[in-house]
file protein04.cif (mmCIF, C-alpha atoms and all ligand atoms)
data_data
loop_
_atom_site.label_atom_id
_atom_site.label_comp_id
_atom_site.auth_asym_id
_atom_site.auth_seq_id
_atom_site.Cartn_x
_atom_site.Cartn_y
_atom_site.Cartn_z
CA MET A 1 -2.77 20.91 -8.52
CA VAL A 2 -1.97 18.23 -5.94
CA GLN A 3 -4.59 17.85 -3.23
CA GLN A 4 -2.77 18.02 0.09
CA LEU A 5 -3.77 15.04 2.21
CA ASN A 6 -3.28 13.87 5.77
CA ILE A 7 -1.50 10.57 5.36
CA GLY A 8 -1.18 8.12 8.23
CA ILE A 9 1.30 5.28 7.98
CA LEU A 10 1.12 2.18 10.15
CA GLY A 11 4.54 0.51 10.08
CA ALA A 12 7.88 2.31 10.15
CA GLY A 13 9.96 -0.28 8.31
CA ARG A 14 11.22 -0.25 4.71
CA VAL A 15 7.90 0.38 2.99
CA GLY A 16 6.34 2.65 5.59
CA THR A 17 9.32 5.02 5.67
CA ALA A 18 9.75 4.99 1.85
CA VAL A 19 6.09 5.85 1.29
CA GLY A 20 6.36 8.45 4.04
CA ARG A 21 9.36 10.16 2.41
CA GLN A 22 7.69 10.25 -0.98
CA ALA A 23 4.46 11.58 0.55
CA VAL A 24 6.34 14.37 2.36
CA ARG A 25 8.04 15.30 -0.93
CA ALA A 26 4.63 15.47 -2.57
CA GLY A 27 3.53 18.02 0.04
CA HIS A 28 1.28 15.81 2.16
CA THR A 29 1.13 15.88 5.95
CA VAL A 30 2.56 12.57 7.16
CA ARG A 31 2.20 10.84 10.53
CA ILE A 32 3.87 7.51 11.21
CA ALA A 33 3.13 4.95 13.90
CA THR A 34 3.89 1.36 14.86
CA GLY A 35 2.49 -0.73 17.67
CA LYS A 36 4.99 0.93 20.00
CA PRO A 37 4.79 4.36 21.68
CA ALA A 38 5.68 7.30 19.41
CA GLU A 39 8.73 8.12 21.52
CA GLN A 40 10.38 4.90 20.34
CA ILE A 41 10.23 5.82 16.64
CA LYS A 42 10.74 9.57 17.03
CA LEU A 43 14.47 9.61 16.20
CA LEU A 44 14.09 7.10 13.34
CA THR A 45 11.31 9.22 11.87
CA GLU A 46 13.29 12.47 12.17
CA VAL A 47 16.31 10.92 10.46
CA ILE A 48 14.67 8.71 7.82
CA VAL A 49 11.47 10.61 7.09
CA PRO A 50 12.27 14.27 7.77
CA GLY A 51 9.11 16.33 7.78
CA ALA A 52 6.94 13.49 9.09
CA GLN A 53 5.72 13.18 12.65
CA ALA A 54 6.03 10.07 14.80
CA VAL A 55 2.77 9.44 16.65
CA ASN A 56 1.01 6.80 18.71
CA LYS A 57 -1.09 4.57 16.48
CA GLU A 58 -4.34 6.02 17.84
CA GLN A 59 -3.29 9.43 16.47
CA LEU A 60 -3.53 8.08 12.92
CA ARG A 61 -7.29 8.31 13.27
CA GLY A 62 -8.72 11.14 11.19
CA SER A 63 -6.16 10.66 8.38
CA ASP A 64 -7.52 10.93 4.84
CA ILE A 65 -5.69 7.71 4.02
CA ILE A 66 -3.92 5.21 6.30
CA VAL A 67 -1.19 3.14 4.65
CA VAL A 68 -0.68 -0.25 6.29
CA ALA A 69 2.92 -1.45 5.86
CA VAL A 70 3.41 -4.23 8.37
CA PRO A 71 4.60 -7.77 7.59
CA LEU A 72 1.62 -9.82 6.45
CA HIS A 73 2.21 -12.58 8.99
CA LYS A 74 1.61 -9.97 11.70
CA TYR A 75 -1.73 -8.79 10.34
CA ARG A 76 -3.70 -10.21 13.25
CA SER A 77 -1.78 -7.92 15.60
CA ILE A 78 -3.02 -4.79 13.78
CA ASP A 79 -5.26 -2.62 15.96
CA THR A 80 -8.41 -2.64 13.84
CA ALA A 81 -9.96 0.18 15.90
CA VAL A 82 -7.33 2.56 14.50
CA LEU A 83 -8.35 1.77 10.91
CA ALA A 84 -12.14 1.61 11.40
CA GLY A 85 -13.97 4.18 9.29
CA HIS A 86 -10.95 5.01 7.13
CA VAL A 87 -9.68 4.62 3.61
CA VAL A 88 -6.79 2.17 4.03
CA ILE A 89 -4.06 1.16 1.59
CA ASP A 90 -2.92 -2.45 1.88
CA THR A 91 0.73 -2.70 0.77
CA MET A 92 1.22 -6.19 2.17
CA ASN A 93 2.36 -9.26 0.26
CA TYR A 94 2.29 -12.92 1.08
CA TRP A 95 5.52 -14.78 0.65
CA ALA A 96 5.51 -18.14 2.44
CA PRO A 97 9.33 -18.37 2.84
CA VAL A 98 9.19 -15.16 4.89
CA ASP A 99 5.66 -15.19 6.31
CA GLY A 100 5.46 -18.94 6.89
CA VAL A 101 2.67 -20.95 5.33
CA MET A 102 -0.64 -19.30 6.23
CA GLU A 103 -3.68 -21.30 5.17
CA GLU A 104 -5.88 -18.26 4.64
CA PHE A 105 -3.49 -16.99 1.95
CA GLU A 106 -3.23 -20.32 0.14
CA SER A 107 -6.79 -20.31 -1.18
CA GLY A 108 -6.17 -18.38 -4.39
CA ARG A 109 -8.12 -15.34 -3.22
CA SER A 110 -6.40 -11.98 -3.21
CA THR A 111 -4.56 -11.50 0.09
CA SER A 112 -6.35 -8.15 0.34
CA GLU A 113 -9.75 -9.88 0.36
CA VAL A 114 -8.61 -11.77 3.46
CA ILE A 115 -7.34 -8.55 5.02
CA ALA A 116 -10.61 -6.77 4.17
CA GLY A 117 -12.51 -9.55 5.95
CA PHE A 118 -10.27 -9.18 8.98
CA LEU A 119 -10.55 -5.38 9.13
CA GLY A 120 -14.32 -5.34 8.77
CA ASP A 121 -16.95 -3.58 6.67
CA ASP A 122 -16.25 -0.07 7.90
CA VAL A 123 -12.78 -0.03 6.35
CA GLN A 124 -12.53 0.98 2.69
CA LEU A 125 -9.56 -1.10 1.66
CA VAL A 126 -7.51 -0.30 -1.43
CA LYS A 127 -4.75 -2.54 -2.69
CA THR A 128 -1.74 -0.81 -4.21
CA LEU A 129 1.93 0.06 -3.57
CA ASN A 130 2.58 -3.65 -2.93
CA HIS A 131 4.17 -4.12 -6.37
CA ILE A 132 6.95 -1.58 -6.20
CA GLY A 133 10.16 -2.09 -4.24
CA TYR A 134 10.62 0.32 -1.37
CA GLY A 135 13.95 1.36 -2.88
CA ASP A 136 12.31 2.21 -6.22
CA LEU A 137 9.62 4.53 -4.93
CA GLU A 138 11.75 7.65 -5.19
CA VAL A 139 13.88 6.81 -8.22
CA ASP A 140 11.03 5.57 -10.43
CA SER A 141 8.81 8.58 -9.77
CA TYR A 142 8.15 10.99 -12.67
CA PRO A 143 5.93 14.00 -13.17
CA ALA A 144 2.54 13.46 -14.80
CA GLY A 145 2.80 13.25 -18.56
CA ALA A 146 6.40 11.97 -18.69
CA PRO A 147 6.44 9.28 -21.41
CA GLU A 148 8.39 6.82 -19.27
CA ARG A 149 6.18 7.33 -16.22
CA ARG A 150 5.62 4.08 -14.34
CA ALA A 151 2.11 2.90 -13.50
CA LEU A 152 0.78 1.28 -10.35
CA ALA A 153 -2.41 -0.75 -10.23
CA VAL A 154 -5.16 0.12 -7.76
CA ALA A 155 -7.90 -2.33 -6.74
CA SER A 156 -10.82 -1.81 -4.38
CA ASP A 157 -14.49 -2.56 -3.88
CA HIS A 158 -15.00 1.13 -2.94
CA ASP A 159 -14.92 3.47 -5.93
CA ASP A 160 -14.59 6.75 -4.01
CA ALA A 161 -11.74 5.36 -1.93
CA LYS A 162 -10.07 4.06 -5.10
CA GLN A 163 -10.32 7.52 -6.68
CA LEU A 164 -8.79 9.20 -3.63
CA VAL A 165 -5.96 6.69 -3.53
CA ALA A 166 -5.41 7.07 -7.29
CA ALA A 167 -4.91 10.82 -6.76
CA PHE A 168 -2.45 10.05 -3.96
CA ILE A 169 -0.53 7.62 -6.19
CA ASP A 170 -0.40 10.28 -8.91
CA SER A 171 1.01 12.77 -6.39
CA LEU A 172 3.78 10.28 -5.56
CA GLY A 173 4.84 10.29 -9.21
CA TYR A 174 2.98 7.34 -10.75
CA ASP A 175 0.06 6.77 -13.09
CA ALA A 176 -2.69 4.92 -11.21
CA VAL A 177 -4.46 2.26 -13.27
CA ASP A 178 -7.84 0.99 -12.10
CA ALA A 179 -7.58 -2.79 -11.76
CA GLY A 180 -11.21 -3.22 -10.70
CA PRO A 181 -12.47 -4.80 -7.47
CA LEU A 182 -10.26 -6.04 -4.65
CA ALA A 183 -10.43 -9.60 -6.00
CA ALA A 184 -8.66 -8.38 -9.14
CA GLY A 185 -5.67 -7.57 -6.95
CA ARG A 186 -4.48 -11.12 -7.62
CA ALA A 187 -3.20 -9.77 -10.93
CA PHE A 188 -0.45 -7.83 -9.19
CA GLU A 189 0.50 -10.04 -6.29
CA ASN A 190 3.81 -11.73 -5.66
CA GLY A 191 5.00 -13.78 -8.64
CA THR A 192 2.91 -12.09 -11.33
CA GLU A 193 4.29 -10.29 -14.37
CA ILE A 194 2.99 -7.00 -13.01
CA PHE A 195 4.65 -7.61 -9.64
CA ASN A 196 7.96 -8.48 -11.24
CA GLY A 197 8.29 -5.60 -13.70
CA ARG A 198 8.00 -1.91 -14.42
CA HIS A 199 5.11 -0.91 -16.67
CA THR A 200 3.65 2.20 -18.20
CA ALA A 201 -0.10 2.79 -17.86
CA GLU A 202 -0.73 1.33 -21.30
CA GLN A 203 1.30 -1.79 -20.57
CA MET A 204 -0.32 -2.13 -17.15
CA GLN A 205 -3.81 -1.93 -18.63
CA ALA A 206 -2.96 -4.61 -21.19
CA LEU A 207 -1.59 -6.93 -18.48
CA LEU A 208 -4.65 -6.38 -16.28
CA ASN A 209 -6.96 -7.10 -19.23
CA GLU A 210 -5.08 -10.29 -20.02
CA CYS A 211 -5.23 -11.43 -16.41
CA ALA A 212 -8.98 -10.71 -16.21
CA ARG A 213 -9.48 -12.71 -19.43
CA VAL A 214 -7.55 -15.70 -18.04
CA LEU A 215 -9.37 -15.61 -14.69
CA ALA A 216 -12.77 -15.39 -16.43
CA ALA A 217 -11.92 -18.48 -18.44
CA VAL A 218 -11.03 -20.58 -15.36
N1 LIG B 1 10.23 -4.65 0.88
C1 LIG B 1 9.61 -4.14 -0.18
O1 LIG B 1 10.23 -3.58 -1.12
C2 LIG B 1 8.11 -4.20 -0.25
C3 LIG B 1 7.46 -3.49 -1.26
C4 LIG B 1 6.06 -3.46 -1.27
C5 LIG B 1 5.35 -4.13 -0.26
N2 LIG B 1 6.02 -4.83 0.70
C6 LIG B 1 5.23 -5.46 1.76
O2 LIG B 1 5.03 -4.47 2.78
C7 LIG B 1 4.92 -5.11 4.07
C8 LIG B 1 5.90 -4.44 5.03
O3 LIG B 1 7.22 -4.73 4.58
P1 LIG B 1 8.50 -3.99 5.17
O4 LIG B 1 9.64 -4.50 4.37
O5 LIG B 1 8.28 -2.53 5.26
O6 LIG B 1 8.54 -4.58 6.67
P2 LIG B 1 9.53 -4.19 7.84
O7 LIG B 1 10.70 -3.42 7.30
O8 LIG B 1 9.77 -5.44 8.63
O9 LIG B 1 8.69 -3.16 8.76
C9 LIG B 1 7.52 -3.54 9.37
C10 LIG B 1 7.03 -2.43 10.31
O10 LIG B 1 5.73 -2.81 10.79
C11 LIG B 1 5.70 -2.55 12.19
N3 LIG B 1 4.68 -3.40 12.78
C12 LIG B 1 4.68 -4.74 12.97
N4 LIG B 1 3.53 -5.15 13.52
C13 LIG B 1 2.79 -4.03 13.70
C14 LIG B 1 1.49 -3.80 14.22
N5 LIG B 1 0.71 -4.78 14.66
N6 LIG B 1 1.02 -2.53 14.25
C15 LIG B 1 1.78 -1.51 13.81
N7 LIG B 1 3.02 -1.66 13.29
C16 LIG B 1 3.51 -2.92 13.24
C17 LIG B 1 7.10 -2.83 12.64
O11 LIG B 1 7.33 -2.24 13.89
P3 LIG B 1 8.19 -3.04 15.01
O12 LIG B 1 9.55 -3.19 14.44
O13 LIG B 1 8.11 -2.14 16.17
O14 LIG B 1 7.48 -4.35 15.19
C18 LIG B 1 7.90 -2.18 11.52
O15 LIG B 1 8.01 -0.80 11.75
C19 LIG B 1 5.18 -6.59 3.83
O16 LIG B 1 3.97 -7.30 3.76
C20 LIG B 1 5.87 -6.63 2.46
O17 LIG B 1 5.60 -7.82 1.75
C21 LIG B 1 7.37 -4.86 0.74
#

call {"tool": "encode", "arguments": {"input": "protein04.cif", "output": "structure tokens"}}
result
Amino acid sequence: MVQQLNIGILGAGRVGTAVGRQAVRAGHTVRIATGKPAEQIKLLTEVIVPGAQAVNKEQLRGSDIIVVAVPLHKYRSIDTAVLAGHVVIDTMNYWAPVDGVMEEFESGRSTSEVIAGFLGDDVQLVKTLNHIGYGDLEVDSYPAGAPERRALAVASDHDDAKQLVAAFIDSLGYDAVDAGPLAAGRAFENGTEIFNGRHTAEQMQALLNECARVLAAV
């Protein structure tokens, strides 16, 4: 049985609304916010994510999971007080042609390690949902056990948070595959084979193993 969760979403663009729609379908309670007052995204939310509630960002506090879906180059404008103390999903990707060259994301570390450092120790950050197109979230979703079911990788330094997010991913219609710690998130960032394709859980696990082997050898 799907555990019904309170899902907060920060960012009401392509990814935020697509995750919101899929979460509503899965039976979760969904609240969506941006940096602007709720009133300004109320109509958009009603039309694009029926069943979700537009709220002020402060009202995301208390969510079981908060999904951050803002452009990466704007990460420093995120209100960290909203996320403090929460399990947070980082969906963000670095792509210099869009984000501009940002030195902190050129070091070879996972972008989520940088974001974790920015958000602080009281945020349990989980990296996932960054490697599926917003337009694919609904169409690629399958019930558990379907042979063609697509997998999504999940990386975090917090095991309980990773487990909770894995259950959420499953409820959205995807097999969650444990990629290991946040640093292992490099395996499914922009430009990787995982990022660029669709994979079953078995294929995903093999790709993650291969990536871990290559990184260990460097
Ligand atoms: N496009 C994809 O298929 C895809 C898939 C997976 C992951 N991603 C990644 O997901 C991230 C979001 O992409 P997107 O395409 O959804 O972006 P988008 O369509 O531009 O939407 C961004 C949203 O974030 C809001 N926002 C900006 N700064 C904010 C802040 N400080 N606090 C709260 N909300 C803020 C914006 O609100 P305002 O308009 O009011 O500023 C807007 O609602 C990117 O890093 C992208 O790489 C994209």

call {"tool": "residues_around", "arguments": {"input": "protein04.cif", "residues": "Met102 in chain A", "least_positions_apart": "5", "cutoff": "9 Å", "atoms": "all atoms listed in the file", "output": "list in words"}}
result
His73, Tyr94 and Ala96 of chain A

call {"tool": "write_last_selection", "arguments": {"input": "protein04.cif", "atoms": "C-alpha atoms", "output": "PDB file, in the frame of the given file"}}
result
ATOM      1  CA  HIS A  73       2.210 -12.580   8.990  1.00  0.00           C
ATOM      2  CA  TYR A  94       2.290 -12.920   1.080  1.00  0.00           C
ATOM      3  CA  ALA A  96       5.510 -18.140   2.440  1.00  0.00           C
TER       4      ALA A  96
END

call {"tool": "closest_residue", "arguments": {"input": "protein04.cif", "among": "A:Gly85, A:Pro147, A:Gly13, A:Gly8", "to": "ligand LIG 1 (chain B)", "atoms": "only C-alpha atoms and all ligand atoms"}}
result
A:Gly13

call {"tool": "residues_near_ligand", "arguments": {"input": "protein04.cif", "ligand": "ligand LIG 1 (chain B)", "cutoff": "6 Å", "atoms": "all atoms listed in the file", "output": "PDB file with C-alpha atoms, in the frame of the given file"}}
result
ATOM      1  CA  LEU A  10       1.120   2.180  10.150  1.00  0.00           C
ATOM      2  CA  GLY A  11       4.540   0.510  10.080  1.00  0.00           C
ATOM      3  CA  ALA A  12       7.880   2.310  10.150  1.00  0.00           C
ATOM      4  CA  GLY A  13       9.960  -0.280   8.310  1.00  0.00           C
ATOM      5  CA  ARG A  14      11.220  -0.250   4.710  1.00  0.00           C
ATOM      6  CA  VAL A  15       7.900   0.380   2.990  1.00  0.00           C
ATOM      7  CA  GLY A  16       6.340   2.650   5.590  1.00  0.00           C
ATOM      8  CA  THR A  34       3.890   1.360  14.860  1.00  0.00           C
ATOM      9  CA  GLY A  35       2.490  -0.730  17.670  1.00  0.00           C
ATOM     10  CA  LYS A  36       4.990   0.930  20.000  1.00  0.00           C
ATOM     11  CA  ALA A  69       2.920  -1.450   5.860  1.00  0.00           C
ATOM     12  CA  VAL A  70       3.410  -4.230   8.370  1.00  0.00           C
ATOM     13  CA  PRO A  71       4.600  -7.770   7.590  1.00  0.00           C
ATOM     14  CA  LEU A  72       1.620  -9.820   6.450  1.00  0.00           C
ATOM     15  CA  LYS A  74       1.610  -9.970  11.700  1.00  0.00           C
ATOM     16  CA  SER A  77      -1.780  -7.920  15.600  1.00  0.00           C
ATOM     17  CA  ILE A  78      -3.020  -4.790  13.780  1.00  0.00           C
ATOM     18  CA  THR A  91       0.730  -2.700   0.770  1.00  0.00           C
ATOM     19  CA  MET A  92       1.220  -6.190   2.170  1.00  0.00           C
ATOM     20  CA  ASN A  93       2.360  -9.260   0.260  1.00  0.00           C
ATOM     21  CA  LEU A 129       1.930   0.060  -3.570  1.00  0.00           C
ATOM     22  CA  ASN A 130       2.580  -3.650  -2.930  1.00  0.00           C
ATOM     23  CA  HIS A 131       4.170  -4.120  -6.370  1.00  0.00           C
ATOM     24  CA  ILE A 132       6.950  -1.580  -6.200  1.00  0.00           C
ATOM     25  CA  GLY A 133      10.160  -2.090  -4.240  1.00  0.00           C
ATOM     26  CA  TYR A 134      10.620   0.320  -1.370  1.00  0.00           C
TER      27      TYR A 134
END

call {"tool": "atom_distance", "arguments": {"input": "protein04.cif", "atom1": "CA of Val177 in chain A", "atom2": "CA of Ser63 in chain A"}}
result
23.3 Å

call {"tool": "closest_residue", "arguments": {"input": "protein04.cif", "among": "A:Gln40, A:Ser110, A:Asn190, A:Asn6", "to": "Val24 in chain A", "atoms": "all atoms listed in the file"}}
result
A:Asn6

call {"tool": "closest_residue", "arguments": {"input": "protein04.cif", "among": "A:Ala166, A:Ala23, A:Ala187, A:Ile65", "to": "Thr111 in chain A", "atoms": "all atoms listed in the file"}}
result
A:Ala187

call {"tool": "axis_aligned_box", "arguments": {"input": "protein04.cif", "around": "range 157-161 of chain A", "padding_each_side": "8 Å", "output": "JSON"}}
result
{"center_x": -13.4, "center_y": 2.1, "center_z": -3.9, "size_x": 19.3, "size_y": 25.3, "size_z": 20.0}

call {"tool": "closest_residue", "arguments": {"input": "protein04.cif", "among": "A:Phe118, A:Phe195, A:Phe168, A:Tyr142", "to": "Val67 in chain A", "atoms": "all atoms listed in the file"}}
result
A:Phe168

call {"tool": "atom_distance", "arguments": {"input": "protein04.cif", "atom1": "CA of Pro181 in chain A", "atom2": "CA of Ala18 in chain A"}}
result
26.0 Å

call {"tool": "atom_distance", "arguments": {"input": "protein04.cif", "atom1": "CA of Val154 in chain A", "atom2": "CA of Asp175 in chain A"}}
result
10.0 Å

call {"tool": "closest_residue", "arguments": {"input": "protein04.cif", "among": "A:Glu104, A:Glu113, A:Asp122, A:Asp64", "to": "Thr80 in chain A", "atoms": "all atoms listed in the file"}}
result
A:Asp122

call {"tool": "closest_residue", "arguments": {"input": "protein04.cif", "among": "A:Pro37, A:Gly185, A:Gly117, A:Gly173", "to": "Leu215 in chain A", "atoms": "only C-alpha atoms"}}
result
A:Gly185

call {"tool": "residues_near_point", "arguments": {"input": "protein04.cif", "point": "(5.4, 10.8, -13.6)", "cutoff": "9 Å", "atoms": "only C-alpha atoms", "output": "list in words"}}
result
Asp140, Ser141, Tyr142, Pro143, Ala144, Gly145, Ala146, Pro147, Glu148, Arg149, Arg150, Ala151, Asp170, Ser171, Leu172, Gly173, Tyr174 and Asp175 of chain A

call {"tool": "residues_around", "arguments": {"input": "protein04.cif", "residues": "Ile9 in chain A", "least_positions_apart": "5", "cutoff": "8 Å", "atoms": "all atoms listed in the file", "output": "compact mmCIF listing (two decimals) with C-alpha atoms, in the frame of the given file"}}
result
# COMPACT_ATOMS: atom_id res chain seq x y z
CA GLY A 16 6.34 2.65 5.59
CA GLY A 20 6.36 8.45 4.04
CA VAL A 30 2.56 12.57 7.16
CA ARG A 31 2.20 10.84 10.53
CA ILE A 32 3.87 7.51 11.21
CA ALA A 33 3.13 4.95 13.90
CA LEU A 60 -3.53 8.08 12.92
CA ILE A 66 -3.92 5.21 6.30
CA VAL A 67 -1.19 3.14 4.65
CA VAL A 68 -0.68 -0.25 6.29
CA ALA A 69 2.92 -1.45 5.86

call {"tool": "residues_near_point", "arguments": {"input": "protein04.cif", "point": "(5.4, 18.0, 11.7)", "cutoff": "12 Å", "atoms": "all atoms listed in the file", "output": "NGL selection string"}}
result
:A and (6-7 or 24 or 27-32 or 42 or 45-46 or 49-55)

call {"tool": "residues_around", "arguments": {"input": "protein04.cif", "residues": "Arg61 in chain A", "least_positions_apart": "6", "cutoff": "8 Å", "atoms": "all atoms listed in the file", "output": "count of residues only"}}
result
4
